[in-house]
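Student: Contents are compact mmCIF, C-alpha atoms; file name model-v4.txt:
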```
# COMPACT_ATOMS: atom_id res chain seq x y z
CA MET A 233 76.32 118.60 105.82
CA PRO A 234 79.72 117.76 104.22
CA ALA A 235 79.87 115.67 101.07
CA PRO A 236 80.41 111.93 101.78
CA VAL A 237 83.90 111.95 100.26
CA LEU A 238 84.94 114.73 102.68
CA SER A 239 84.06 112.71 105.79
CA GLY A 240 87.27 110.62 105.41
CA PRO A 241 89.73 113.34 106.50
CA GLN A 242 87.47 114.19 109.42
CA TYR A 243 87.47 110.57 110.66
CA LEU A 244 91.25 110.40 110.37
CA ARG A 245 91.73 113.69 112.21
CA GLU A 246 89.47 112.57 115.05
CA GLY A 247 91.21 109.19 115.09
CA LEU A 248 94.56 110.90 115.69
CA LYS A 249 93.13 112.79 118.66
CA LEU A 250 91.79 109.52 120.09
CA VAL A 251 95.07 107.58 119.91
CA LEU A 252 96.91 110.46 121.57
CA SER A 253 94.52 110.38 124.54
CA PRO A 254 95.89 108.87 127.79
CA GLY A 255 93.48 105.93 127.82
CA LEU A 256 94.60 104.59 124.45
CA ARG A 257 98.33 105.34 124.37
CA LEU A 258 99.19 101.97 125.91
CA PHE A 259 97.67 100.13 122.96
CA VAL A 260 99.60 102.27 120.46
CA LEU A 261 103.19 102.24 121.78
CA LEU A 262 104.14 98.63 121.00
CA PRO A 263 102.94 98.55 117.37
CA LEU A 264 104.55 101.98 116.93
CA ALA A 265 107.91 100.59 118.04
CA ILE A 266 107.58 97.55 115.73
CA ASN A 267 106.65 99.72 112.76
CA LEU A 268 109.53 102.11 113.43
CA VAL A 269 112.07 99.28 113.24
CA LEU A 270 110.45 97.95 110.05
CA PHE A 271 110.32 101.42 108.49
CA VAL A 272 114.00 102.15 109.16
CA GLY A 273 115.01 98.81 107.64
CA LEU A 274 112.90 99.30 104.52
CA ILE A 275 114.10 102.87 103.98
CA TYR A 276 117.69 101.68 104.29
CA LEU A 277 117.08 99.01 101.64
CA ALA A 278 115.20 101.40 99.34
CA GLY A 279 117.93 104.00 99.65
CA HIS A 280 120.47 101.53 98.27
CA GLN A 281 118.29 99.97 95.58
CA PHE A 282 115.86 102.70 94.48
CA SER A 283 117.74 103.84 91.36
CA LEU A 284 118.25 100.24 90.24
CA TRP A 285 114.51 99.52 90.58
CA VAL A 286 113.60 102.62 88.57
CA ASP A 287 116.11 101.73 85.82
CA THR A 288 114.76 98.16 85.68
CA LEU A 289 111.17 99.31 85.16
CA MET A 290 111.97 102.12 82.72
CA PRO A 291 111.30 101.04 79.11
CA SER A 292 114.19 101.06 76.64
CA LEU A 293 113.70 103.86 74.13
CA PRO A 294 115.26 104.24 70.67
CA ASP A 295 117.69 107.13 70.27
CA TRP A 296 115.18 109.31 68.43
CA LEU A 297 112.80 109.07 71.42
CA SER A 298 115.46 109.52 74.09
CA PHE A 299 114.07 112.93 75.00
CA LEU A 300 111.02 111.15 76.43
CA SER A 301 113.16 109.64 79.17
CA TYR A 302 113.14 113.03 80.94
CA ILE A 303 109.34 112.89 80.96
CA LEU A 304 108.99 109.21 81.87
CA TRP A 305 111.63 109.07 84.61
CA PRO A 306 109.57 111.01 87.20
CA LEU A 307 106.57 108.80 86.43
CA PHE A 308 108.56 105.65 87.15
CA VAL A 309 110.05 107.19 90.29
CA VAL A 310 106.47 107.62 91.50
CA LEU A 311 105.67 104.04 90.48
CA VAL A 312 108.59 102.59 92.46
CA GLY A 313 107.70 104.84 95.39
CA LEU A 314 104.16 103.46 95.38
CA MET A 315 105.49 99.90 95.32
CA VAL A 316 107.78 100.59 98.28
CA PHE A 317 104.86 102.21 100.09
CA PHE A 318 102.65 99.16 99.48
CA THR A 319 105.36 96.80 100.73
CA PHE A 320 105.91 98.73 103.95
CA THR A 321 102.18 99.12 104.61
CA MET A 322 101.47 95.46 103.96
CA LEU A 323 104.27 94.16 106.20
CA ALA A 324 103.58 96.67 108.97
CA ASN A 325 99.88 95.81 109.09
CA ILE A 326 100.53 92.05 109.10
CA ILE A 327 102.89 92.40 112.07
CA ALA A 328 100.66 94.86 113.94
CA ALA A 329 97.34 93.13 113.10
CA PRO A 330 96.57 91.71 116.60
CA PHE A 331 97.42 95.05 118.23
CA ASN A 332 95.34 96.94 115.67
CA GLY A 333 92.35 94.67 116.25
CA PHE A 334 92.62 95.26 119.98
CA LEU A 335 93.06 99.00 119.45
CA ALA A 336 89.89 99.07 117.33
CA GLU A 337 88.02 97.39 120.22
CA LYS A 338 89.20 99.97 122.74
CA VAL A 339 88.46 102.90 120.43
CA GLU A 340 84.91 101.63 119.99
CA VAL A 341 84.54 101.40 123.76
CA VAL A 342 85.58 105.07 124.06
CA ILE A 343 83.21 106.14 121.27
CA ARG A 344 80.17 104.22 122.50
CA GLY A 345 80.81 104.59 126.23
CA THR A 346 80.02 100.91 126.79
CA ASP A 347 82.40 97.97 126.89
CA ASP A 348 81.05 94.79 125.30
CA PHE A 349 84.51 93.33 124.65
CA PRO A 350 86.67 91.13 126.94
CA ALA A 351 88.96 93.00 129.34
CA PHE A 352 92.54 93.49 128.25
CA SER A 353 94.94 90.69 129.02
CA TRP A 354 97.98 89.32 127.24
CA GLY A 355 96.11 86.02 126.95
CA GLU A 356 93.25 87.76 125.15
CA LEU A 357 95.72 89.48 122.83
CA VAL A 358 97.44 86.17 122.03
CA ALA A 359 94.04 84.56 121.40
CA MET A 360 93.36 87.18 118.72
CA VAL A 361 96.52 86.31 116.78
CA PRO A 362 95.24 83.34 114.72
CA ARG A 363 92.03 85.14 113.72
CA THR A 364 93.70 88.42 112.83
CA PHE A 365 96.50 86.70 110.89
CA ALA A 366 93.91 84.69 108.96
CA ARG A 367 92.12 87.92 108.12
CA GLU A 368 95.40 89.51 107.00
CA ALA A 369 96.01 86.48 104.79
CA ARG A 370 92.57 87.06 103.25
CA LYS A 371 93.52 90.68 102.53
CA LEU A 372 96.75 89.46 100.99
CA GLY A 373 94.77 87.06 98.80
CA TYR A 374 92.66 89.98 97.62
CA PHE A 375 95.64 92.27 97.12
CA LEU A 376 98.22 90.05 95.40
CA PRO A 377 96.41 89.07 92.15
CA ARG A 378 95.39 92.68 91.54
CA ALA A 379 98.83 94.00 92.44
CA LEU A 380 100.42 91.38 90.19
CA GLY A 381 98.22 92.50 87.31
CA LEU A 382 99.29 96.10 87.86
CA PHE A 383 102.91 95.03 88.19
CA VAL A 384 102.79 93.21 84.84
CA LEU A 385 101.07 96.24 83.33
CA SER A 386 104.02 98.34 84.50
CA PHE A 387 106.32 96.48 82.06
CA ILE A 388 104.15 96.83 78.94
CA PRO A 389 105.35 99.78 76.83
CA VAL A 390 102.85 102.62 76.35
CA ILE A 391 100.22 100.86 78.47
CA ASN A 392 102.49 101.22 81.50
CA LEU A 393 101.86 104.97 81.39
CA VAL A 394 98.54 104.33 83.17
CA ALA A 395 100.14 102.05 85.79
CA ALA A 396 100.88 104.81 88.33
CA PRO A 397 97.31 106.26 88.30
CA LEU A 398 95.87 102.75 88.62
CA TRP A 399 98.23 101.95 91.50
CA LEU A 400 97.05 105.14 93.18
CA LEU A 401 93.36 104.31 92.82
CA PHE A 402 93.92 100.73 93.93
CA GLY A 403 95.95 101.95 96.90
CA VAL A 404 93.16 104.26 98.04
CA TRP A 405 90.66 101.39 97.92
CA MET A 406 93.04 99.04 99.74
CA MET A 407 93.54 101.57 102.54
CA ALA A 408 89.79 101.62 103.13
CA ILE A 409 89.70 97.80 103.15
CA GLN A 410 92.78 97.47 105.34
CA TYR A 411 91.56 99.62 108.20
CA ILE A 412 87.79 99.20 108.12
CA ASP A 413 88.42 95.47 108.36
CA TYR A 414 89.59 95.75 111.98
CA PRO A 415 86.26 96.90 113.49
CA ALA A 416 84.35 94.74 110.98
CA ASP A 417 86.30 91.66 112.05
CA ASN A 418 85.77 92.48 115.73
CA HIS A 419 82.04 92.25 115.01
CA LYS A 420 82.50 88.98 113.05
CA LEU A 421 81.38 90.52 109.77
CA GLY A 422 82.43 88.21 106.92
CA TRP A 423 84.94 89.29 104.30
CA ASN A 424 82.42 89.53 101.43
CA GLU A 425 79.91 91.32 103.65
CA MET A 426 82.58 93.83 104.65
CA LEU A 427 83.43 94.52 101.01
CA ALA A 428 79.73 94.92 100.20
CA TRP A 429 79.37 97.38 103.10
CA LEU A 430 82.29 99.44 101.79
CA ARG A 431 80.83 99.48 98.27
CA GLU A 432 77.51 100.72 99.65
CA LYS A 433 79.44 103.65 101.12
CA ARG A 434 81.81 103.97 98.18
CA TRP A 435 82.42 107.72 98.36
CA GLN A 436 82.91 107.74 102.12
CA SER A 437 85.25 104.75 101.74
CA LEU A 438 87.31 106.40 99.00
CA GLY A 439 87.46 109.66 100.96
CA PHE A 440 88.73 107.83 104.03
CA GLY A 441 91.10 105.60 102.05
CA GLY A 442 92.46 108.60 100.15
CA SER A 443 93.17 110.62 103.27
CA VAL A 444 94.90 107.62 104.89
CA TYR A 445 96.89 106.99 101.72
CA LEU A 446 98.17 110.57 101.59
CA VAL A 447 99.37 110.74 105.18
CA LEU A 448 100.95 107.28 105.04
CA LEU A 449 103.14 108.49 102.17
CA ILE A 450 104.88 110.94 104.54
CA PRO A 451 108.01 109.35 106.09
CA LEU A 452 107.95 109.03 109.91
CA VAL A 453 104.52 110.67 110.08
CA ASN A 454 103.11 107.44 108.61
CA ILE A 455 104.23 105.46 111.67
CA LEU A 456 102.01 107.51 113.97
CA MET A 457 99.19 107.71 111.45
CA MET A 458 98.76 103.92 111.22
CA PRO A 459 97.11 103.65 114.66
CA ALA A 460 95.28 106.91 113.90
CA ALA A 461 93.91 105.21 110.77
CA VAL A 462 92.68 102.28 112.91
CA ALA A 463 90.92 104.71 115.24
CA GLY A 464 89.53 106.74 112.31
CA ALA A 465 88.24 103.57 110.64
CA THR A 466 86.51 102.58 113.88
CA LEU A 467 84.84 106.01 114.01
CA PHE A 468 83.78 105.51 110.40
CA TRP A 469 82.39 102.07 111.25
CA VAL A 470 80.41 103.22 114.27
CA ARG A 471 79.01 106.43 112.78
CA GLU A 472 78.09 104.81 109.47
CA GLN A 473 76.19 102.09 111.33
CA GLY A 474 78.62 99.26 110.57
CA ALA A 475 77.98 97.43 113.84
CA GLU A 476 74.24 97.50 113.25
CA THR A 477 74.81 96.08 109.76
CA ALA A 478 76.86 93.23 111.24
CA LEU A 479 74.18 92.38 113.79
CA ALA A 480 71.40 92.51 111.19
CA ARG A 481 73.23 90.12 108.86
CA GLN A 482 74.10 87.75 111.68
CA GLY A 483 70.45 87.75 112.71
```
Show me the file's structure as structure tokens.

Tutor:
Amino acid sequence: MPAPVLSGPQYLREGLKLVLSPGLRLFVLLPLAINLVLFVGLIYLAGHQFSLWVDTLMPSLPDWLSFLSYILWPLFVVLVGLMVFFTFTMLANIIAAPFNGFLAEKVEVVIRGTDDFPAFSWGELVAMVPRTFAREARKLGYFLPRALGLFVLSFIPVINLVAAPLWLLFGVWMMAIQYIDYPADNHKLGWNEMLAWLREKRWQSLGFGGSVYLVLLIPLVNILMMPAAVAGATLFWVREQGAETALARQG
């Protein structure tokens, strides 16, 4: 039996196969198109501003320590890259949230072989918008104070050397939260209960979040992997007994 942390890549790989299947492609194409437009716009902006952002974050060094700039510059390139990644991921998921919630429903139907959700209609999709946007706002409320703390840390000399590793760890955890939340929300599991469920399966969550994080860092590939991450998270939810946990706590 594989170690819990190794189950994450497996869920993501199976999720990719699911979203490429004929029955689910319809629910993937529209958010893919939206994310492609957003990605091109953000890459265009980053291409023109990236060096300026790196120079702004880089600490000023005295002449006798100038040699350290050759060591620190790659670190701050990574830091700015992580910030750009977070921005794209956050905006893309806010825009695609209703579609992702619906995709998670349909993936669960395929996995379980039973359909306990309403049939697809544009009216049903529109009805999901307020709930999914409210849930995305809750994620944003969780993300922003922690991201702000890391951002401030990035400007403190010496201490900012640990900013990139902390951003990485935080990003892995946020990827688990971001995508597991879709099937959890479909089953009306509360925000705090969802976080508690993820903490109970910490290693599986970090393994899944880490695998998602890595593939989303790859330009263009990340656009396809976002719906794959939704499908993989739904597999994670079903196989790790997330739905049963939701029902037990509601009861």

Student: Using CA of Pro241 in chain A and CA of Pro415 in chain A as the two end points, give the distance in Å to one decimal.

Tutor: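 Atom-to-atom, CA of Pro241 in chain A to CA of Pro415 in chain A, that is 18.2 Å.
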
Student: Considering all atoms listed in the file, state which residue in the set A:Leu467, A:Ala265, A:Ile450, A:Ala329 is at the smallest distance from Leu250 in chain A.

Tutor: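 Of A:Leu467, A:Ala265, A:Ile450, A:Ala329, the one nearest Leu250 in chain A, counting all atoms listed in the file, is A:Leu467.
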
Student: Under the rule that only C-alpha atoms are counted, which of A:Pro362, A:Gly464, A:Gly273, A:Pro459 is the nearest residue to Ala328 in chain A?

Tutor: A:Pro459

Student: Would you pick out the contacts of Leu401 in chain A at 10 Å or less, using all atoms listed in the file, so that residues sharing its chain but fewer than 4 positions from it are not included, and give the list as a list in words?

Tutor: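 Result of the neighbour search: Ala396, Pro397, Trp405, Met406, Leu438, Gly441, Gly442 and Tyr445 of chain A.
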
Student: Using all atoms listed in the file, which of the listed residues (A:Leu268, A:Ser253, A:Leu244, A:Phe375) sits closest to Leu446 in chain A?

Tutor: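 Of A:Leu268, A:Ser253, A:Leu244, A:Phe375, the one nearest Leu446 in chain A, counting all atoms listed in the file, is A:Leu244.
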
Student: One number please: CA of Leu335 in chain A to CA of Ala461 in chain A, in Å, one decimal.

Tutor: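 Separation between CA of Leu335 in chain A and CA of Ala461 in chain A: 10.7 Å.
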
Student: When you count only C-alpha atoms, which of these residues is closest to Ser437 in chain A: A:Val272, A:Val384, A:Ala408, A:Leu376?

Tutor: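 The closest residue to Ser437 in chain A is A:Ala408.
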
Student: Please indicate the distance in Å from CA of Ile266 in chain A to CA of Pro254 in chain A, rounded to one decimal place.

Tutor: 20.3 Å

Student: Nearest residue to Val394 in chain A out of A:Ala463, A:Val470, A:Val444, A:Leu382, using all atoms listed in the file?

Tutor: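 Of A:Ala463, A:Val470, A:Val444, A:Leu382, the one nearest Val394 in chain A is A:Leu382, counting all atoms listed in the file.
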
Student: Box in all listed atoms of range 458-467 of chain A, axis-aligned, with 3 Å more on each side; write out centre and edge lengths in Å to one decimal as AutoDock Vina command-line options.

Tutor:
```
--center_x 91.8 --center_y 104.6 --center_z 112.9 --size_x 19.9 --size_y 10.6 --size_z 10.6
```

Student: When you count all atoms listed in the file, which of these residues is closest to Leu258 in chain A: A:Leu270, A:Phe331, A:Gly240, A:Arg245?

Tutor: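 Checking each candidate against Leu258 in chain A, we get A:Phe331 as the closest.
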
Student: Compile the contact shell of Glu340 in chain A as an MDAnalysis selection string: residues with an atom at most 12 Å away, counting all atoms listed in the file, same-chain residues fewer than 2 positions apart removed.

Tutor: chainID A and resid 247 250:251 256 333:338 342:349 414:416 418:419 462:471 474:475

Student: Which residues, written as a ChimeraX atom specification, have at least one atom at most 7 Å from Thr364 in chain A, with only C-alpha atoms counted and residues fewer than 4 positions away on the same chain left out?

Tutor: /A:329-330,360,368
